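Working notes for the structure below.
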Amino acid sequence: MTLISSTAVTSGNNLAKQRAIIAAAIGLLFPIAAWMIDFALKDIAFSLSGIAQLHAVNPTHWFIDLLPVVFAFLAWSQTQRHQAKVEFLEEQLNQRDEDINKNALFAKKIGNGEYTAPFEVSDEEDILGKSLLMMRDNLIENNRKEAEQNWIAKGKDEISYILRLHNSIDELSYDVLVKLIKYINSIQGAIYIFDEDKDKLINLATYAYNRKKYVSQEFKVGQGLIGQCAYEQDFIYRTEIPDDYVTITSGILGDKKPKSLLLVPLTTDEKLQGVLEFASVAPEIPELTIRFIREVGEIIARTVFNLKINHKTERLLQEAQQMTEELRENEEELRQNAEEMRATHEELEKSNAQLESKIQEVENAQKRLHSLLENASEIISIYNKELKLTFISPSVTKILGYTPLEMMSGKDMDRLTRKGEQEVKSMFEQLLETPRVPISIQYTFMKKDGEKIFLEVTGRNLLDDPAINGIILNSQDITERKRAEKEERMRSKMQALSENSPDMIMRLNTAGQFFYANPMVEIYLGIPAKDLINQTLNTINIQDTLSNFFKDAIKNIKISKEKFEGELAFDSQMGETIMHIKAIPEFNENELETILFVSHDITEAKRIEMEIQDKNRKITESINYAQRIQTSILPNNRVIRQYLPKSFILYKPRDVVSGDFPWFFLKEDNIYIAAVDCTGHGVPGALLSFIGYFILNNVVDHDVSYTAGQILDNLHYGVRKTLKQDRPDADARDGMDIALCKIDLKKNELQFAGAHRPLYLLRKGELIEYKGDRKAIGGIPHPKKGEVDFANHVLEIMPGDKIFFFSDGLPDQVGGNDKKKYSPGRIRELIMANQQYSMPQYSDLFSGDFEDYKGNNKQVDDVLLIGIEF
């Protein structure tokens, strides 16, 4: 390019000289023409002296003589400018070619993936170069994002693989923690799993500098950074580490405190499952790492939730197995009953054998047989090999209520239960396989009148007997026998229980004669149990009060046929004794036979009951007196309506006294009103309410210029000082939440400040929420973290504005079909859905809706809602 430029300069100089000479020659024509004209006009001879004479006569010739020089100079200068422009354009074209080649080379490198190749834009007009640089930057950013996403996806896959390997939360927690710490290059970490039964976060795994740490820690929700992370269900990232935070000890690092800390909650469907904690000696934890931990936390939370469900299912399965074992024990008892049935069956077999020996005689005496069969206590039936009923004895009418014809038309099977049908079918199958071998079964049969009875059936296959040619069944009503056996078993069990019972148990007949007494009678009455048997109330020496009670109970039961009970005090061998006595009638065939007296010693229970009643009375009197005191300091609604006529206060204490209270104060042109929610409820909350009430009065009365935020600041420090929370040894974390308004109706100004409590403003169809500060009044200050003053919100009051503020008792109430919280969202919906309501209507609306939503559920906290319309 230098050679071309030098050649172009030489050529340009030669061209300029040529054009200057030509211009000078052209310019020379003008003085020559002027001379010739002037020679002719003045008649002067052409010569050098004549030329000099012309110039002397006409000085204009001097100027005309300069024209060749002027023309030569103009031609030379014009040529030089033209040549410079040509050279400039050539340089521009060369530069463009160079830029195009450079851009093409850079584009090729980008295409080959060389994103770090050096490249500079030659000038601001190089649009292609700028575009290439922008494209390279975008590709680098996209590659970076893709790499980050691949890193996160890879981490998720590795964690998911570990999660799929374990069924134990303990083992899963450790393996997942180790993997996460190594993957994010952290130094220390821990996993805390939320135990719903204990309502605590429990440390299941801790890992620091390639070693497992055996740490046993538990945190309540809201306690420490771990509890705070769980309570807020949001991650906490800090680079300012508390002094009391654990240090990392290793052979390389020595004792070194972490410089950055990350806590991530494990939540699924807004339900807490645990907390992940990571510490690093690096000054900062990358944002990519934080995002990865938050995303993988959701996967871990779902797995932990599923494992909890699985463990719960296993526990339920174990309980079911335990129930199965109990059923197996019951089966053993049934087996014993079957042994008893087998003995009875053997007796029946003997009877059948005797019956078979007389069959021949029965055939010769049909009339007598019919009479016997008609009045027999058994039903005899015969079935053919197709299991169709061919004969049934007339006694069926007396026992089952059906005629033989009805039974043969299908009632023999229609009135069986499903289980009975299966047992009869099984019996027939066995009889067909084993001829002449008797088989007995028992089943339930429904009589014609609807009564259910138990039948015992013994069958024999006598198809090979020409006289019978069928399967003969002997059916007997064993309902009474079953009932007697059951009663006998129950009596045996009751006898054993009675002998070992701590209660005094006696059985008397309606004449007052003793049939039974357990050993406790001798302990209380001093009379051996055996000496009471067959004695009467009139012949034994017992106290008149006890004897009269027995006589009255017998008399009452004779009339009412129902249980009789009462309490009786008498002097026993144990001293003054109070008994709760139950007299239970015992019937035999619907006739009163005996009365069972069960006397339970309630002397100690009565003494404790009296003490509790006395203490409850004193406590109730104290609480009622505290209520009168608290009620006396609460603002009067009529006074409030004098200054805020369109207002209401919905106040529902959970207990007699309340931790929530409305506060009202007047100072000059200012109206102060607040909804205060003290820690706890009942008596503890009421005590805190007195502290808040008097401190608020003192603060506002001291200086009327305080803003709403400054009032809360002074209240905050006043509560701390009163509860001595500003001392190093303080351990009381009690405090209060508050929503406070300072109203100046003359200036149409409202100031609002809140501690954990919001204010809702309904204005022209729009609901605006002013949130309170996320800190409470009172509490122990953080030793290393400074506190920020409460924010003061200033609003211009407009006609028709409606404001609402409330304690947390209203949104926290559990109820509804799903047993969920009332929630701030429901409050906002009710306000917006009824914008035309007046304040009294709003009061009725919230009061009724709260009660309907609560239903039969217990009120969880004090409820306070204040509404004002301007």
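Within each chain, counting starts at residue 1; across the structure tokens, chains are named A, B, ... in the order shown, with ligands numbered 1 upward in that order.
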
Task: alpha helix (DSSP H) call set, DSSP backbone run, segment 120-278 of chain A, as a PyMOL selection string - done: chain A and resi 127-165+169-183+224-232

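Take atom CA of Lys854 of chain A and atom CA of Tyr822 of chain A: the distance between them is 8.5 Å.
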
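From atom CA of Ala25 of chain A back to atom CA of Asp38 of chain A, the distance works out to 20.4 Å.
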
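The neighbours of segment 561-566 of chain A here are the residues that come within 7 Å of it, using only C-alpha atoms and leaving out any residue fewer than 2 positions away in the same chain; they are Ala553, Ile557, Lys558, Ile559, Leu568, His580, Ile581, Lys582, Ala583, Ile584 and Pro585 of chain A.
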
With a distance cut-off of 8 Å and only C-alpha atoms, select the neighbouring residues of Leu204 of chain A, excluding the residue or stretch itself and same-chain residues fewer than 6 positions from it, and output the selection as a PDB file with all heavy atoms, in the first residue's frame.
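Everything below was put into out_27.pdb:
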```pdb
ATOM      1  N   ASP A 170     -32.043 -41.465  57.155  1.00  0.00           N
ATOM      2  CA  ASP A 170     -30.727 -41.225  57.751  1.00  0.00           C
ATOM      3  C   ASP A 170     -29.611 -41.469  56.738  1.00  0.00           C
ATOM      4  O   ASP A 170     -28.723 -40.627  56.555  1.00  0.00           O
ATOM      5  CB  ASP A 170     -30.536 -42.130  58.966  1.00  0.00           C
ATOM      6  CG  ASP A 170     -31.481 -41.764  60.092  1.00  0.00           C
ATOM      7  OD1 ASP A 170     -32.022 -40.642  60.042  1.00  0.00           O
ATOM      8  OD2 ASP A 170     -31.701 -42.590  60.987  1.00  0.00           O
ATOM      9  N   SER A 173     -29.777 -38.929  53.884  1.00  0.00           N
ATOM     10  CA  SER A 173     -29.328 -37.589  54.270  1.00  0.00           C
ATOM     11  C   SER A 173     -27.812 -37.486  54.182  1.00  0.00           C
ATOM     12  O   SER A 173     -27.272 -36.514  53.633  1.00  0.00           O
ATOM     13  CB  SER A 173     -29.799 -37.273  55.685  1.00  0.00           C
ATOM     14  OG  SER A 173     -31.187 -37.300  55.766  1.00  0.00           O
ATOM     15  N   TYR A 174     -27.103 -38.497  54.708  1.00  0.00           N
ATOM     16  CA  TYR A 174     -25.636 -38.420  54.711  1.00  0.00           C
ATOM     17  C   TYR A 174     -25.084 -38.466  53.286  1.00  0.00           C
ATOM     18  O   TYR A 174     -24.234 -37.639  52.908  1.00  0.00           O
ATOM     19  CB  TYR A 174     -25.067 -39.563  55.539  1.00  0.00           C
ATOM     20  CG  TYR A 174     -23.550 -39.585  55.547  1.00  0.00           C
ATOM     21  CD1 TYR A 174     -22.829 -38.633  56.277  1.00  0.00           C
ATOM     22  CD2 TYR A 174     -22.847 -40.523  54.805  1.00  0.00           C
ATOM     23  CE1 TYR A 174     -21.446 -38.634  56.271  1.00  0.00           C
ATOM     24  CE2 TYR A 174     -21.464 -40.527  54.791  1.00  0.00           C
ATOM     25  CZ  TYR A 174     -20.751 -39.578  55.521  1.00  0.00           C
ATOM     26  OH  TYR A 174     -19.393 -39.581  55.486  1.00  0.00           O
ATOM     27  N   ALA A 190     -24.773 -29.472  56.507  1.00  0.00           N
ATOM     28  CA  ALA A 190     -25.616 -30.259  57.415  1.00  0.00           C
ATOM     29  C   ALA A 190     -27.021 -30.337  56.846  1.00  0.00           C
ATOM     30  O   ALA A 190     -27.454 -29.472  56.079  1.00  0.00           O
ATOM     31  CB  ALA A 190     -25.653 -29.655  58.816  1.00  0.00           C
ATOM     32  N   ILE A 191     -27.728 -31.419  57.191  1.00  0.00           N
ATOM     33  CA  ILE A 191     -29.135 -31.593  56.805  1.00  0.00           C
ATOM     34  C   ILE A 191     -29.953 -31.718  58.076  1.00  0.00           C
ATOM     35  O   ILE A 191     -29.630 -32.504  58.966  1.00  0.00           O
ATOM     36  CB  ILE A 191     -29.323 -32.846  55.922  1.00  0.00           C
ATOM     37  CG1 ILE A 191     -28.749 -32.596  54.525  1.00  0.00           C
ATOM     38  CG2 ILE A 191     -30.792 -33.194  55.800  1.00  0.00           C
ATOM     39  CD1 ILE A 191     -28.993 -33.723  53.553  1.00  0.00           C
ATOM     40  N   TYR A 192     -31.031 -30.927  58.136  1.00  0.00           N
ATOM     41  CA  TYR A 192     -31.979 -30.977  59.245  1.00  0.00           C
ATOM     42  C   TYR A 192     -33.326 -31.410  58.693  1.00  0.00           C
ATOM     43  O   TYR A 192     -33.816 -30.819  57.726  1.00  0.00           O
ATOM     44  CB  TYR A 192     -32.118 -29.607  59.925  1.00  0.00           C
ATOM     45  CG  TYR A 192     -30.820 -29.083  60.507  1.00  0.00           C
ATOM     46  CD1 TYR A 192     -29.896 -28.409  59.709  1.00  0.00           C
ATOM     47  CD2 TYR A 192     -30.509 -29.266  61.845  1.00  0.00           C
ATOM     48  CE1 TYR A 192     -28.701 -27.933  60.230  1.00  0.00           C
ATOM     49  CE2 TYR A 192     -29.321 -28.787  62.379  1.00  0.00           C
ATOM     50  CZ  TYR A 192     -28.417 -28.124  61.574  1.00  0.00           C
ATOM     51  OH  TYR A 192     -27.264 -27.665  62.099  1.00  0.00           O
ATOM     52  N   ILE A 193     -33.911 -32.439  59.266  1.00  0.00           N
ATOM     53  CA  ILE A 193     -35.210 -32.952  58.843  1.00  0.00           C
ATOM     54  C   ILE A 193     -36.258 -32.536  59.870  1.00  0.00           C
ATOM     55  O   ILE A 193     -36.033 -32.637  61.082  1.00  0.00           O
ATOM     56  CB  ILE A 193     -35.193 -34.486  58.695  1.00  0.00           C
ATOM     57  CG1 ILE A 193     -34.153 -34.892  57.638  1.00  0.00           C
ATOM     58  CG2 ILE A 193     -36.568 -35.003  58.288  1.00  0.00           C
ATOM     59  CD1 ILE A 193     -34.392 -34.331  56.267  1.00  0.00           C
ATOM     60  N   SER A 216     -25.363 -33.698  67.270  1.00  0.00           N
ATOM     61  CA  SER A 216     -26.779 -33.892  67.617  1.00  0.00           C
ATOM     62  C   SER A 216     -27.379 -32.531  67.965  1.00  0.00           C
ATOM     63  O   SER A 216     -27.090 -31.969  69.022  1.00  0.00           O
ATOM     64  CB  SER A 216     -26.905 -34.856  68.792  1.00  0.00           C
ATOM     65  OG  SER A 216     -28.259 -34.997  69.150  1.00  0.00           O
TER      66      SER A 216
END
```

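Across A:Ile523, A:Leu139, A:Ala569, A:Leu865, the tightest approach to Ile602 of chain A is made by A:Ala569 when counting only C-alpha atoms.
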
Task: Residue contacts of Asp199 of chain A (12 Å, only C-alpha atoms) excluding same-chain residues fewer than 4 positions away, as a ChimeraX atom specification - done: /A:193-195,218-223,227,230-231,272-274

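The space separating atom CA of Thr479 of chain A from atom CA of Ser426 of chain A comes to 22.4 Å.
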
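Using only C-alpha atoms, the residues found no farther than 12 Å from Arg727 of chain A, other than those of its own chain fewer than 2 positions away, are Arg720, Lys721, Thr722, Leu723, Lys724, Gln725, Asp729, Ala730, Asp731, Ala732, Gly779, Ile780, Pro781, His782 and Pro783 of chain A.
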
Open item on the list: Taking only C-alpha atoms into account, name the residue in A:Phe870, A:Phe846, A:Phe790, A:Phe235 that is nearest to Leu276 of chain A.
Closed with: A:Phe235

Within 7 Å of Leu307 of chain A using only C-alpha atoms, minus same-chain residues under 3 positions, as a CSV table (one decimal) with N, CA, C and O atoms, in the first residue's frame:
```csv
chain,number,residue,atom,x,y,z
A,167,ASN,N,-33.9,-46.1,51.1
A,167,ASN,CA,-35.2,-46.1,51.7
A,167,ASN,C,-35.2,-45.5,53.1
A,167,ASN,O,-36.2,-45.3,53.7
A,169,ILE,N,-34.1,-42.4,55.6
A,169,ILE,CA,-33.9,-41.0,55.5
A,169,ILE,C,-32.5,-40.7,56.1
A,169,ILE,O,-31.8,-39.8,55.6
A,303,THR,N,-38.6,-36.3,47.9
A,303,THR,CA,-38.2,-37.6,48.3
A,303,THR,C,-38.3,-37.8,49.8
A,303,THR,O,-38.8,-38.9,50.2
A,304,VAL,N,-37.9,-36.8,50.6
A,304,VAL,CA,-38.1,-37.0,52.1
A,304,VAL,C,-39.6,-37.1,52.4
A,304,VAL,O,-39.9,-38.0,53.3
A,310,ASN,N,-43.8,-43.4,53.2
A,310,ASN,CA,-43.5,-44.9,53.2
A,310,ASN,C,-43.3,-45.4,54.6
A,310,ASN,O,-43.8,-46.5,55.0
A,311,HIS,N,-42.6,-44.7,55.4
A,311,HIS,CA,-42.4,-45.1,56.8
A,311,HIS,C,-43.7,-45.2,57.6
A,311,HIS,O,-43.9,-46.1,58.4
```

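Minimum atom-to-atom distances from A:Val657, A:Ala511, A:Leu261, A:Ile691 to Asn624 of chain A were compared using only C-alpha atoms, and the lowest value belongs to A:Val657.
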
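Restricting the calculation to only C-alpha atoms, the smallest distance between Met839 of chain A and any of A:Ile671, A:Ile649, A:Leu696, A:Ile711 is found for A:Ile649.
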